[in-house]
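Dumped protein.tsv below, it's TSV, C-alpha atoms:
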```tsv
chain	number	residue	atom	x	y	z
R	450	MET	CA	50.67	-43.02	-52.82
R	451	SER	CA	51.55	-41.39	-49.55
R	452	LYS	CA	49.82	-42.47	-46.36
R	453	ILE	CA	48.55	-40.30	-43.57
R	454	LEU	CA	48.88	-41.51	-40.00
R	455	VAL	CA	45.77	-40.91	-37.94
R	456	ASP	CA	44.65	-42.00	-34.50
R	457	ASN	CA	41.79	-44.41	-35.24
R	458	HIS	CA	39.86	-43.57	-32.06
R	459	ASP	CA	40.05	-39.86	-32.78
R	460	PHE	CA	39.22	-40.35	-36.47
R	461	LEU	CA	36.24	-42.56	-35.66
R	462	GLY	CA	35.15	-40.02	-33.07
R	463	LYS	CA	35.09	-37.27	-35.69
R	464	LEU	CA	33.21	-39.51	-38.14
R	465	SER	CA	30.67	-40.25	-35.39
R	466	VAL	CA	30.10	-36.53	-34.99
R	467	ILE	CA	29.51	-36.21	-38.75
R	468	LYS	CA	27.15	-39.20	-38.60
R	469	ASN	CA	25.10	-37.53	-35.87
R	470	CYS	CA	25.01	-34.18	-37.69
R	471	LEU	CA	23.89	-35.78	-40.95
R	472	SER	CA	21.28	-37.85	-39.17
R	473	LEU	CA	19.77	-34.77	-37.52
R	474	LEU	CA	19.83	-32.85	-40.81
R	475	LEU	CA	18.13	-35.77	-42.57
R	476	GLU	CA	15.38	-35.86	-39.95
R	477	LYS	CA	14.67	-32.16	-40.43
R	478	GLU	CA	15.06	-31.93	-44.21
R	479	SER	CA	11.85	-32.13	-46.20
R	480	GLY	CA	13.18	-31.36	-49.70
R	481	GLN	CA	13.64	-34.61	-51.63
R	482	ASP	CA	16.72	-33.48	-53.57
R	483	LYS	CA	18.54	-32.30	-50.45
R	484	LYS	CA	17.47	-35.45	-48.64
R	485	GLU	CA	19.08	-37.60	-51.34
R	486	LEU	CA	22.33	-35.64	-51.05
R	487	LEU	CA	22.32	-36.00	-47.28
R	488	LYS	CA	21.66	-39.74	-47.59
R	489	MET	CA	24.61	-40.05	-49.98
R	490	ALA	CA	26.85	-38.21	-47.51
R	491	ALA	CA	25.56	-40.33	-44.62
R	492	ASN	CA	26.12	-43.58	-46.51
R	493	THR	CA	29.63	-42.56	-47.54
R	494	ASN	CA	30.44	-41.54	-43.98
R	495	GLN	CA	29.14	-44.91	-42.75
R	496	GLN	CA	31.35	-46.70	-45.29
R	497	LEU	CA	34.37	-44.86	-43.88
R	498	ILE	CA	33.36	-45.87	-40.34
R	499	ASP	CA	32.93	-49.49	-41.39
R	500	ASN	CA	36.25	-49.52	-43.28
R	501	ILE	CA	38.16	-48.21	-40.29
R	502	LYS	CA	36.48	-50.71	-37.97
R	503	THR	CA	37.36	-53.58	-40.32
R	504	VAL	CA	41.01	-52.55	-40.52
R	505	LYS	CA	41.19	-52.06	-36.74
R	506	ASN	CA	39.56	-55.45	-36.06
R	507	GLU	CA	41.92	-57.20	-38.49
R	508	LYS	CA	44.92	-55.55	-36.82
R	509	ASP	CA	43.69	-56.56	-33.36
R	510	SER	CA	43.03	-60.15	-34.39
R	511	ASN	CA	46.56	-60.39	-35.83
R	512	CYS	CA	48.13	-59.23	-32.56
T	850	MET	CA	8.56	-35.34	-22.06
T	851	SER	CA	8.47	-39.02	-21.20
T	852	GLU	CA	9.33	-38.37	-17.54
T	853	GLY	CA	6.39	-36.07	-17.03
T	854	ASN	CA	4.87	-37.79	-14.00
T	855	ASN	CA	5.30	-36.96	-10.30
T	856	ASN	CA	8.48	-38.97	-9.87
T	857	PRO	CA	11.71	-36.99	-9.73
T	858	PRO	CA	13.56	-37.15	-13.04
T	859	LYS	CA	16.15	-39.87	-13.36
T	860	LYS	CA	19.71	-38.60	-13.09
T	861	ILE	CA	22.23	-39.16	-15.85
T	862	LEU	CA	25.91	-38.25	-15.95
T	863	ILE	CA	27.66	-37.97	-19.30
T	864	VAL	CA	31.47	-38.00	-19.33
T	865	GLU	CA	32.44	-37.25	-22.93
T	866	ASP	CA	35.26	-35.06	-24.21
T	867	GLU	CA	33.91	-34.50	-27.72
T	868	LYS	CA	32.09	-31.19	-27.27
T	869	TYR	CA	29.52	-31.63	-30.02
T	870	LEU	CA	28.51	-35.14	-28.96
T	871	ARG	CA	28.37	-34.13	-25.31
T	872	GLU	CA	26.09	-31.19	-26.02
T	873	LEU	CA	23.96	-33.24	-28.39
T	874	TYR	CA	23.48	-36.06	-25.88
T	875	VAL	CA	22.71	-33.63	-23.04
T	876	GLY	CA	20.14	-31.79	-25.15
T	877	MET	CA	18.42	-34.95	-26.37
T	878	LEU	CA	18.22	-36.54	-22.91
T	879	GLU	CA	17.02	-33.33	-21.24
T	880	GLU	CA	14.26	-33.18	-23.86
T	881	GLU	CA	13.24	-36.65	-22.69
T	882	GLY	CA	12.85	-35.25	-19.17
T	883	TYR	CA	16.00	-36.58	-17.57
T	884	SER	CA	18.23	-34.57	-15.25
T	885	VAL	CA	21.60	-34.54	-16.99
T	886	ASP	CA	25.05	-33.55	-15.71
T	887	SER	CA	28.04	-33.57	-18.02
T	888	LYS	CA	31.80	-33.55	-17.63
T	889	GLU	CA	34.38	-33.07	-20.35
T	890	ASN	CA	37.44	-34.77	-18.90
T	891	GLY	CA	38.44	-37.75	-16.82
T	892	LYS	CA	39.34	-35.82	-13.69
T	893	ASP	CA	35.97	-34.05	-13.39
T	894	GLY	CA	34.19	-37.21	-14.47
T	895	TYR	CA	35.89	-39.21	-11.73
T	896	VAL	CA	34.93	-36.65	-9.07
T	897	ALA	CA	31.26	-36.79	-10.16
T	898	ILE	CA	31.18	-40.59	-10.36
T	899	LYS	CA	32.89	-40.86	-7.00
T	900	LYS	CA	30.22	-38.61	-5.48
T	901	GLY	CA	27.65	-40.86	-7.19
T	902	GLY	CA	23.88	-41.03	-6.98
T	903	TYR	CA	23.22	-41.37	-10.71
T	904	ASP	CA	20.70	-43.69	-12.29
T	905	LEU	CA	22.97	-43.93	-15.32
T	906	VAL	CA	26.56	-42.91	-16.02
T	907	LEU	CA	27.60	-42.75	-19.67
T	908	LEU	CA	31.38	-42.93	-19.60
T	909	ASP	CA	33.60	-42.40	-22.63
T	910	VAL	CA	36.64	-44.67	-22.80
T	911	MET	CA	39.07	-42.20	-24.33
T	912	LEU	CA	39.26	-39.10	-22.15
T	913	PRO	CA	41.91	-36.48	-21.51
T	914	GLY	CA	43.58	-36.87	-18.14
T	915	ILE	CA	42.18	-40.04	-16.61
T	916	ASP	CA	40.63	-42.45	-19.13
T	917	GLY	CA	37.34	-44.26	-18.60
T	918	LEU	CA	38.91	-47.59	-17.61
T	919	GLU	CA	41.18	-45.94	-15.05
T	920	ILE	CA	38.10	-44.27	-13.54
T	921	LEU	CA	36.39	-47.66	-13.29
T	922	LYS	CA	39.46	-49.15	-11.60
T	923	ARG	CA	39.56	-46.34	-9.05
T	924	ILE	CA	35.85	-46.71	-8.32
T	925	LYS	CA	36.25	-50.45	-7.92
T	926	ASP	CA	39.09	-49.89	-5.43
T	927	SER	CA	37.26	-47.12	-3.60
T	928	PRO	CA	33.47	-47.21	-4.25
T	929	SER	CA	31.31	-44.14	-4.84
T	930	GLU	CA	29.85	-42.32	-1.83
T	931	LYS	CA	26.34	-42.96	-3.20
T	932	PRO	CA	25.98	-45.91	-5.57
T	933	ASN	CA	25.50	-45.35	-9.29
T	934	LYS	CA	22.85	-47.74	-10.61
T	935	ASN	CA	24.31	-48.27	-14.07
T	936	ILE	CA	27.61	-47.42	-15.66
T	937	VAL	CA	27.73	-47.77	-19.43
T	938	LEU	CA	30.87	-47.31	-21.52
T	939	LEU	CA	30.83	-45.16	-24.65
T	940	THR	CA	33.18	-46.28	-27.38
T	941	ASN	CA	33.50	-46.15	-31.15
T	942	LEU	CA	34.75	-49.69	-31.71
T	943	SER	CA	32.52	-52.74	-31.34
T	944	MET	CA	35.47	-55.09	-30.81
T	945	ASP	CA	37.30	-52.73	-28.49
T	946	LEU	CA	39.32	-54.47	-25.77
T	947	SER	CA	38.10	-51.73	-23.47
T	948	ILE	CA	34.66	-53.36	-23.47
T	949	SER	CA	35.86	-56.67	-21.99
T	950	ARG	CA	38.04	-54.78	-19.52
T	951	GLY	CA	35.11	-52.58	-18.60
T	952	ILE	CA	32.87	-55.62	-18.04
T	953	ALA	CA	35.51	-57.07	-15.71
T	954	LEU	CA	35.45	-53.75	-13.84
T	955	GLY	CA	31.67	-53.87	-13.36
T	956	ILE	CA	30.02	-51.93	-16.18
T	957	GLN	CA	26.41	-52.79	-17.03
T	958	GLY	CA	26.84	-52.34	-20.77
T	959	TYR	CA	28.35	-50.34	-23.60
T	960	LEU	CA	27.17	-48.18	-26.47
T	961	ILE	CA	28.99	-47.98	-29.80
T	962	LYS	CA	28.74	-44.31	-30.71
T	963	SER	CA	29.74	-44.84	-34.33
T	964	ASP	CA	26.85	-47.32	-34.81
T	965	LEU	CA	24.08	-45.17	-33.37
T	966	THR	CA	22.08	-42.26	-34.71
T	967	PRO	CA	20.89	-39.72	-32.11
T	968	GLY	CA	17.45	-41.34	-31.98
T	969	GLU	CA	18.88	-44.83	-31.52
T	970	PHE	CA	21.20	-43.55	-28.79
T	971	THR	CA	18.24	-42.12	-26.86
T	972	GLU	CA	16.30	-45.39	-27.16
T	973	LYS	CA	19.27	-47.39	-25.83
T	974	VAL	CA	19.61	-45.01	-22.88
T	975	LYS	CA	15.91	-45.46	-22.08
T	976	GLU	CA	16.41	-49.23	-22.00
T	977	TYR	CA	19.15	-48.88	-19.38
T	978	LEU	CA	16.84	-46.72	-17.28
T	979	LYS	CA	13.84	-49.09	-17.30
```
The structure in this file should be written as C-alpha coordinates.
Amino acid sequence: MSKILVDNHDFLGKLSVIKNCLSLLLEKESGQDKKELLKMAANTNQQLIDNIKTVKNEKDSNC
Amino acid sequence: MSEGNNNPPKKILIVEDEKYLRELYVGMLEEEGYSVDSKENGKDGYVAIKKGGYDLVLLDVMLPGIDGLEILKRIKDSPSEKPNKNIVLLTNLSMDLSISRGIALGIQGYLIKSDLTPGEFTEKVKEYLK
(Lines of atoms letter the chains of each structure in order from A and count residues from 1; the text may use other names and numbers.)
(Lines give C-alpha, C1' and ligand atoms only; values in the text may rest on other atoms or scores of the structure.)
Protein backbone atom coordinates (compact mmCIF):
# COMPACT_ATOMS: atom_id res chain seq x y z
CA MET A 1 0.00 0.00 0.00
CA SER A 2 1.44 3.34 -0.96
CA LYS A 3 1.46 6.18 1.55
CA ILE A 4 0.68 9.81 0.92
CA LEU A 5 2.66 12.46 2.74
CA VAL A 6 0.52 15.26 4.08
CA ASP A 7 1.16 18.19 6.39
CA ASN A 8 -0.81 17.29 9.51
CA HIS A 9 -1.60 20.91 10.43
CA ASP A 10 -2.90 21.62 6.95
CA PHE A 11 -4.82 18.34 6.79
CA LEU A 12 -6.41 18.92 10.20
CA GLY A 13 -7.23 22.46 9.13
CA LYS A 14 -9.14 21.18 6.11
CA LEU A 15 -10.95 18.58 8.23
CA SER A 16 -11.91 21.35 10.66
CA VAL A 17 -13.47 23.26 7.79
CA ILE A 18 -15.47 20.16 6.81
CA LYS A 19 -16.50 19.71 10.45
CA ASN A 20 -17.83 23.27 10.59
CA CYS A 21 -19.66 22.94 7.26
CA LEU A 22 -21.32 19.68 8.29
CA SER A 23 -22.26 21.10 11.67
CA LEU A 24 -23.97 24.10 10.06
CA LEU A 25 -25.76 21.88 7.54
CA LEU A 26 -26.93 19.59 10.35
CA GLU A 27 -28.34 22.54 12.29
CA LYS A 28 -30.34 23.70 9.26
CA GLU A 29 -31.46 20.31 7.94
CA SER A 30 -34.93 19.21 8.98
CA GLY A 31 -35.30 16.05 6.84
CA GLN A 32 -34.56 12.99 8.97
CA ASP A 33 -32.95 10.96 6.17
CA LYS A 34 -30.61 13.77 5.17
CA LYS A 35 -29.85 14.44 8.81
CA GLU A 36 -28.74 10.83 9.29
CA LEU A 37 -26.44 11.07 6.27
CA LEU A 38 -24.94 14.30 7.54
CA LYS A 39 -24.41 12.76 10.99
CA MET A 40 -22.63 9.81 9.38
CA ALA A 41 -20.36 12.19 7.45
CA ALA A 42 -19.73 14.27 10.58
CA ASN A 43 -18.89 11.21 12.67
CA THR A 44 -16.53 9.85 10.01
CA ASN A 45 -14.85 13.24 9.69
CA GLN A 46 -14.44 13.36 13.48
CA GLN A 47 -12.87 9.88 13.43
CA LEU A 48 -10.32 11.13 10.89
CA ILE A 49 -9.56 14.15 13.10
CA ASP A 50 -9.14 11.93 16.16
CA ASN A 51 -6.94 9.45 14.27
CA ILE A 52 -4.60 12.18 13.08
CA LYS A 53 -4.40 13.69 16.56
CA THR A 54 -3.56 10.30 18.07
CA VAL A 55 -0.79 9.65 15.55
CA LYS A 56 0.60 13.17 16.02
CA ASN A 57 0.53 12.88 19.82
CA GLU A 58 2.26 9.48 19.70
CA LYS A 59 4.95 10.89 17.41
CA ASP A 60 5.48 13.90 19.69
CA SER A 61 5.70 11.76 22.82
CA ASN A 62 8.32 9.55 21.14
CA CYS A 63 10.51 12.55 20.30
CA MET B 1 -27.87 40.35 19.34
CA SER B 2 -26.43 39.74 22.77
CA GLU B 3 -24.55 43.05 22.78
CA GLY B 4 -27.67 45.08 22.18
CA ASN B 5 -27.32 47.50 25.10
CA ASN B 6 -25.85 51.02 25.14
CA ASN B 7 -22.27 49.89 25.62
CA PRO B 8 -20.05 50.01 22.56
CA PRO B 9 -19.60 46.55 21.05
CA LYS B 10 -16.59 44.61 22.21
CA LYS B 11 -13.80 44.51 19.65
CA ILE B 12 -12.43 41.23 18.34
CA LEU B 13 -9.56 40.62 15.94
CA ILE B 14 -9.36 37.31 14.09
CA VAL B 15 -6.04 36.38 12.47
CA GLU B 16 -6.76 33.22 10.49
CA ASP B 17 -5.49 32.24 7.05
CA GLU B 18 -8.13 29.64 6.25
CA LYS B 19 -10.63 31.73 4.29
CA TYR B 20 -13.74 29.71 5.07
CA LEU B 21 -13.09 29.56 8.81
CA ARG B 22 -12.19 33.24 8.93
CA GLU B 23 -15.40 34.26 7.18
CA LEU B 24 -17.46 31.86 9.27
CA TYR B 25 -16.04 33.15 12.56
CA VAL B 26 -16.45 36.79 11.51
CA GLY B 27 -20.07 36.20 10.49
CA MET B 28 -20.99 34.32 13.66
CA LEU B 29 -19.38 36.85 16.00
CA GLU B 30 -20.85 39.85 14.16
CA GLU B 31 -24.26 38.21 14.55
CA GLU B 32 -23.60 38.18 18.30
CA GLY B 33 -23.10 41.95 18.15
CA TYR B 34 -19.33 42.14 18.35
CA SER B 35 -17.19 44.45 16.24
CA VAL B 36 -14.90 42.12 14.32
CA ASP B 37 -11.75 42.83 12.31
CA SER B 38 -9.99 40.04 10.45
CA LYS B 39 -6.57 39.52 8.91
CA GLU B 40 -5.48 36.66 6.69
CA ASN B 41 -1.73 36.59 7.21
CA GLY B 42 0.88 37.08 9.89
CA LYS B 43 2.18 40.40 8.64
CA ASP B 44 -1.21 42.13 8.63
CA GLY B 45 -2.13 40.39 11.86
CA TYR B 46 1.00 41.68 13.55
CA VAL B 47 0.31 45.26 12.42
CA ALA B 48 -3.24 45.09 13.85
CA ILE B 49 -2.15 43.49 17.13
CA LYS B 50 0.66 45.99 17.48
CA LYS B 51 -1.84 48.83 17.07
CA GLY B 52 -3.97 47.05 19.68
CA GLY B 53 -7.13 48.06 21.51
CA TYR B 54 -8.96 44.75 21.14
CA ASP B 55 -10.98 43.05 23.83
CA LEU B 56 -10.04 39.71 22.29
CA VAL B 57 -7.50 38.63 19.68
CA LEU B 58 -8.00 35.18 18.16
CA LEU B 59 -4.61 34.29 16.71
CA ASP B 60 -3.97 31.26 14.52
CA VAL B 61 -0.64 29.52 15.14
CA MET B 62 0.11 28.52 11.56
CA LEU B 63 0.08 31.61 9.35
CA PRO B 64 1.76 32.55 6.10
CA GLY B 65 4.58 35.03 6.58
CA ILE B 66 4.96 35.52 10.32
CA ASP B 67 3.46 32.71 12.43
CA GLY B 68 1.38 33.26 15.55
CA LEU B 69 4.19 32.52 18.00
CA GLU B 70 6.58 34.90 16.26
CA ILE B 71 3.90 37.61 16.52
CA LEU B 72 3.61 36.95 20.25
CA LYS B 73 7.39 37.16 20.66
CA ARG B 74 7.51 40.49 18.83
CA ILE B 75 4.65 41.88 20.93
CA LYS B 76 6.37 40.72 24.10
CA ASP B 77 9.57 42.49 23.03
CA SER B 78 7.76 45.61 21.89
CA PRO B 79 4.24 45.89 23.43
CA SER B 80 1.15 47.04 21.55
CA GLU B 81 0.39 50.77 21.37
CA LYS B 82 -2.97 50.12 23.09
CA PRO B 83 -3.19 46.97 25.19
CA ASN B 84 -5.16 43.96 23.97
CA LYS B 85 -7.18 42.50 26.84
CA ASN B 86 -7.01 38.86 25.79
CA ILE B 87 -4.98 36.98 23.22
CA VAL B 88 -6.15 33.45 22.51
CA LEU B 89 -4.34 31.02 20.23
CA LEU B 90 -6.22 29.05 17.58
CA THR B 91 -4.82 25.62 16.84
CA ASN B 92 -5.97 22.23 15.64
CA LEU B 93 -3.94 20.08 18.02
CA SER B 94 -4.76 19.79 21.71
CA MET B 95 -1.22 18.67 22.61
CA ASP B 96 0.46 21.21 20.38
CA LEU B 97 3.79 22.50 21.70
CA SER B 98 2.67 25.89 20.45
CA ILE B 99 0.21 26.08 23.34
CA SER B 100 2.88 25.86 26.06
CA ARG B 101 5.07 28.27 24.12
CA GLY B 102 2.14 30.62 23.72
CA ILE B 103 1.38 30.50 27.45
CA ALA B 104 5.01 31.40 28.16
CA LEU B 105 4.56 34.35 25.79
CA GLY B 106 1.49 35.63 27.65
CA ILE B 107 -1.62 34.23 25.95
CA GLN B 108 -4.79 34.00 28.04
CA GLY B 109 -5.94 30.72 26.51
CA TYR B 110 -6.32 28.60 23.41
CA LEU B 111 -9.11 27.13 21.31
CA ILE B 112 -8.81 23.81 19.50
CA LYS B 113 -10.56 24.44 16.20
CA SER B 114 -10.84 20.77 15.31
CA ASP B 115 -12.72 20.08 18.58
CA LEU B 116 -15.31 22.84 18.27
CA THR B 117 -18.50 23.21 16.28
CA PRO B 118 -19.40 26.79 15.25
CA GLY B 119 -21.82 27.10 18.17
CA GLU B 120 -19.27 25.85 20.69
CA PHE B 121 -16.67 28.23 19.28
CA THR B 122 -19.00 31.20 19.81
CA GLU B 123 -19.73 30.14 23.40
CA LYS B 124 -16.01 29.86 24.19
CA VAL B 125 -15.40 33.33 22.74
CA LYS B 126 -18.19 34.75 24.93
CA GLU B 127 -16.49 33.27 28.00
CA TYR B 128 -13.26 35.10 27.18
CA LEU B 129 -15.19 38.34 26.84
CA LYS B 130 -17.05 38.12 30.18
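The interatomic distance for the pair atom CA of R:Lys468 and atom CA of T:Leu946 works out to 23.4 Å.
Excluding stretch 966-974 of chain T and any residue on its chain fewer than 2 positions from it, the residues at most 7 Å away by all atoms listed in the file are R:Asn469, R:Ser472, T:Leu878, T:Asp964, T:Glu976, T:Tyr977, T:Leu978.
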Exercise for the section: Excluding T:Gly902 and residues on its chain fewer than 4 positions from it, collect all residues at most 12 Å away from it, counting all atoms listed in the file, and give them as a VMD selection string. Expected result: chain T and resid 859 to 862 884 886 897 to 898 906 928 to 936
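Proximity ranking of T:Tyr895, T:Thr940, T:Ile920, T:Val885 relative to chain R places T:Thr940 first, based on only C-alpha atoms.
Going from atom CA of T:Lys979 to atom CA of R:Leu474 covers 29.2 Å.
Atom CA of T:Asp866 is found 15.4 Å from atom CA of T:Glu919.
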Under the rule of at most 8 Å, produce a per-residue listing of chain R near chain T: chain, number, name, the closest pair of atoms, and the distance in Å, as JSON lines, using all atoms listed in the file.
```
{"residue": "R:His458", "atom": "CA", "partner": "T:Asn941", "partner_atom": "CA", "distance": 6.9}
{"residue": "R:Leu461", "atom": "CA", "partner": "T:Asn941", "partner_atom": "CA", "distance": 6.4}
{"residue": "R:Gly462", "atom": "CA", "partner": "T:Asn941", "partner_atom": "CA", "distance": 6.6}
{"residue": "R:Leu464", "atom": "CA", "partner": "T:Ser963", "partner_atom": "CA", "distance": 7.4}
{"residue": "R:Ser465", "atom": "CA", "partner": "T:Ser963", "partner_atom": "CA", "distance": 4.8}
{"residue": "R:Val466", "atom": "CA", "partner": "T:Leu870", "partner_atom": "CA", "distance": 6.4}
{"residue": "R:Lys468", "atom": "CA", "partner": "T:Thr966", "partner_atom": "CA", "distance": 7.1}
{"residue": "R:Asn469", "atom": "CA", "partner": "T:Thr966", "partner_atom": "CA", "distance": 5.7}
{"residue": "R:Ser472", "atom": "CA", "partner": "T:Thr966", "partner_atom": "CA", "distance": 6.3}
{"residue": "R:Leu473", "atom": "CA", "partner": "T:Pro967", "partner_atom": "CA", "distance": 7.4}
{"residue": "R:Ile498", "atom": "CA", "partner": "T:Ser963", "partner_atom": "CA", "distance": 7.1}
{"residue": "R:Lys502", "atom": "CA", "partner": "T:Leu942", "partner_atom": "CA", "distance": 6.6}
{"residue": "R:Asn506", "atom": "CA", "partner": "T:Met944", "partner_atom": "CA", "distance": 6.7}
```
Problem - Contacts of stretch 487-493 of chain R at 10 Å (only C-alpha atoms; same-chain gap of 2+ positions) as an NGL selection string - result: :R and (467-472 or 474-475 or 478 or 481-485 or 495-499)
Take the residues from that selection and put them in a file with C-alpha atoms, as a tab-separated table (two decimals), in the frame of the given file.
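Here's the written file result.tsv:
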```tsv
chain	number	residue	atom	x	y	z
R	467	ILE	CA	29.51	-36.21	-38.75
R	468	LYS	CA	27.15	-39.20	-38.60
R	469	ASN	CA	25.10	-37.53	-35.87
R	470	CYS	CA	25.01	-34.18	-37.69
R	471	LEU	CA	23.89	-35.78	-40.95
R	472	SER	CA	21.28	-37.85	-39.17
R	474	LEU	CA	19.83	-32.85	-40.81
R	475	LEU	CA	18.13	-35.77	-42.57
R	478	GLU	CA	15.06	-31.93	-44.21
R	481	GLN	CA	13.64	-34.61	-51.63
R	482	ASP	CA	16.72	-33.48	-53.57
R	483	LYS	CA	18.54	-32.30	-50.45
R	484	LYS	CA	17.47	-35.45	-48.64
R	485	GLU	CA	19.08	-37.60	-51.34
R	495	GLN	CA	29.14	-44.91	-42.75
R	496	GLN	CA	31.35	-46.70	-45.29
R	497	LEU	CA	34.37	-44.86	-43.88
R	498	ILE	CA	33.36	-45.87	-40.34
R	499	ASP	CA	32.93	-49.49	-41.39
```
Practice task
Name the residues, using the chain letters and numbers of the file, that sit within 8 Å of (30.1, -48.7, -22.8) when counting all atoms listed in the file, and give them as number ranges by chain.
Solution key: T: 907-910, 936-940, 948, 951, 956-961
First collect every listed atom of stretch 465-472 of chain R; then fit an axis-aligned box around them, widen it by 5 Å on each side, and give centre and edge lengths in Å to one decimal, as lines of an AutoDock Vina configuration file.
```
center_x = 26.0
center_y = -37.2
center_z = -38.0
size_x = 19.4
size_y = 16.1
size_z = 16.0
```
